[in-house]
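Below is one structure, written out as structure tokens, with a few remarks after it.
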Amino acid sequence: MKNRGSILVLALWSVVLMSVLCISLGYGVRQKAVLINRLVNAQSLREITYSGIERARGVIQAVNDPMRKADTLTSPWANQSANFREIAIGDRGAFSISHKGRELGGDRWVDVYGLTDEERKIPLNFTDPQTMAALLENTVEMGHSEAEELAYAIIDWQDKDFGHQHPQYGAEDSEYGDLDLPYEAKDAPYECLEELYLVKGINAEIFDKIKDFVTPFGEGAVNINTAPKEVLWALSRDQYLADKIIKYRAGPDQDEGTSDDRFFGDVNTIFLELNGVILLNLQEQAEIEKMVTENKLTTISKYFSVRCRGTLNKNGSFMDSNAVIDTDGRVLYHHISEIQLANA
Ligand SMILES: [Ca+2]
Ligand SMILES: [Ca+2]
């Protein structure tokens, strides 16, 4: 009887042990299956967003005629849902390339399906402290001396010398060396926008307010056909001239990005073309001539931003990817900014 009892206890223990083993094995297998599924989903999303960037490169190369006179807000890269909105990649998913643009005839920001040119922004590696200070005053609502102080720090960060351009303002090695975690000023061109966070005086609030109006890309000139009011205002220091340029561009319907838009095809005739439609005063004429003489304006663009979201049909997983491409087909910057994977 005693032996039978022991065998029964042993058998029961074996059953318990086998059950625990099965449960833990099952859990491990399920974990691995989830992991593999997520890796497969991430790979699919990568392929879909890369297809979006390839589409953008194709569109840019198709319009890259060296004889073209202008890139404008009605160019094929600028606003074309057919090319950039919810483009299916087989039955796996789709990509959209979009950015926030001002609603036609209003001040609300809406999704615009297309690329943005970097030449619509102030080039950080070529700008002067006065232009930068004007932008800060108008977009961050800083006082003049506070804006100048920060503008000089932004320039000092990338200029090659170690000395301050301004006797009181700016920041070079000495200012950064005094920080809790010291570093040196870069003294070399900005390569990505987020570098601004390293500049003395820049915080998240300021970065957010200027990020759409400055760029580390470009060759020094701003495209007068695409620049927003904030940029034209900072360049010319004249809000009314900026308004007149945008009014001219918008055409008779006074909406930008529509088929009746006007554009400038040659920097040397900007004054004549603008004055033919909207009368300019002598000061505005001088401001345009100054910008042209200092090579601050262009009518075409070479660098383009692509903000692409790839999504999976089966579970809504998505990946956001930002890239900058140029008219030669080069990808100069590429960064996955967000990825959200569902388990299914
Ligand atoms: Ca420097
Ligand atoms: Ca128009």
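Scheme for the structure tokens: letters A, B, ... for chains in order shown; per-chain residue numbers from 1; ligand numbers from 1 in order shown.
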* Extract, using only C-alpha atoms, all DNA, RNA and protein residues at most 8 Å from Ile246 of chain A, discarding same-chain residues fewer than 4 positions from it, and format them as a ChimeraX atom specification. => /A:228-229,242,250
* Asked: How would you write, as a PyMOL selection string, the set of residues no farther than 10 Å from ligand 2 when counting only C-alpha atoms and all ligand atoms?
  -> chain A and resi 73-74+104-105+247-262
Using the selection just defined, write its residues with C-alpha atoms as a PDB file, in the first residue's frame.
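Listing of result30.pdb after writing:
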```pdb
ATOM      1  CA  LEU A  73       4.625  76.358 -55.033  1.00  0.00           C
ATOM      2  CA  THR A  74       2.902  74.976 -58.152  1.00  0.00           C
ATOM      3  CA  LEU A 104      -5.336  78.671 -48.860  1.00  0.00           C
ATOM      4  CA  GLY A 105      -6.634  82.107 -48.020  1.00  0.00           C
ATOM      5  CA  LYS A 247       0.506  89.053 -52.940  1.00  0.00           C
ATOM      6  CA  TYR A 248       2.282  89.126 -56.321  1.00  0.00           C
ATOM      7  CA  ARG A 249       2.988  85.374 -56.210  1.00  0.00           C
ATOM      8  CA  ALA A 250      -0.592  84.472 -55.249  1.00  0.00           C
ATOM      9  CA  GLY A 251      -1.970  85.848 -58.540  1.00  0.00           C
ATOM     10  CA  PRO A 252      -5.498  87.201 -59.184  1.00  0.00           C
ATOM     11  CA  ASP A 253      -7.239  84.642 -56.906  1.00  0.00           C
ATOM     12  CA  GLN A 254      -4.920  85.672 -54.021  1.00  0.00           C
ATOM     13  CA  ASP A 255      -4.368  82.024 -53.032  1.00  0.00           C
ATOM     14  CA  GLU A 256      -0.881  80.551 -53.264  1.00  0.00           C
ATOM     15  CA  GLY A 257      -0.339  77.186 -54.953  1.00  0.00           C
ATOM     16  CA  THR A 258      -3.086  77.647 -57.562  1.00  0.00           C
ATOM     17  CA  SER A 259      -2.800  77.697 -61.357  1.00  0.00           C
ATOM     18  CA  ASP A 260      -2.990  81.501 -61.707  1.00  0.00           C
ATOM     19  CA  ASP A 261       0.081  82.040 -59.477  1.00  0.00           C
ATOM     20  CA  ARG A 262       2.851  84.332 -60.728  1.00  0.00           C
TER      21      ARG A 262
END
```
* To do: Would you mind listing what lies within 9 Å of segment 174-187 of chain A as an MDAnalysis selection string, with only C-alpha atoms counted and same-chain residues fewer than 5 positions away left out?
  => chainID A and resid 156:162 198:200
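The smallest atom-to-atom distance between Gly58 of chain A and any of A:Pro76, A:Gly218, A:Gly28, A:Arg38, using only C-alpha atoms, is found for A:Pro76.
Separating atom CA of Lys244 of chain A from atom CA of Lys209 of chain A is a distance of 23.6 Å.
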* Mind giving me the straight-line distance from atom CA of Glu230 of chain A to atom CA of Ala323 of chain A in Å, one decimal? => 23.6 Å
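Using only C-alpha atoms and all ligand atoms, the smallest distance between any of A:Asn125, A:Ser321, A:Ser75, A:Gln340 and ligand 1 comes from A:Asn125.
With only C-alpha atoms and all ligand atoms as the basis for measurement, A:Ile154 is the residue among A:Val277, A:Leu235, A:Ile339, A:Ile154 that approaches ligand 1 most closely.
Nearest-residue note for ligand 1: choosing from A:Val40, A:Leu124, A:Ala153, A:Leu332, the minimum distance belongs to A:Ala153, counting only C-alpha atoms and all ligand atoms.
Considering only C-alpha atoms and all ligand atoms, the residue among A:Leu297, A:Ile155, A:Val214, A:Ala133 positioned nearest to ligand 1 is A:Ile155.
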* Using DSSP on the backbone coordinates, identify the residues of segment 212-344 of chain A assigned to alpha helix (DSSP H); present them as an MDAnalysis selection string. => chainID A and resid 229:236 239:250 270:277 282:293
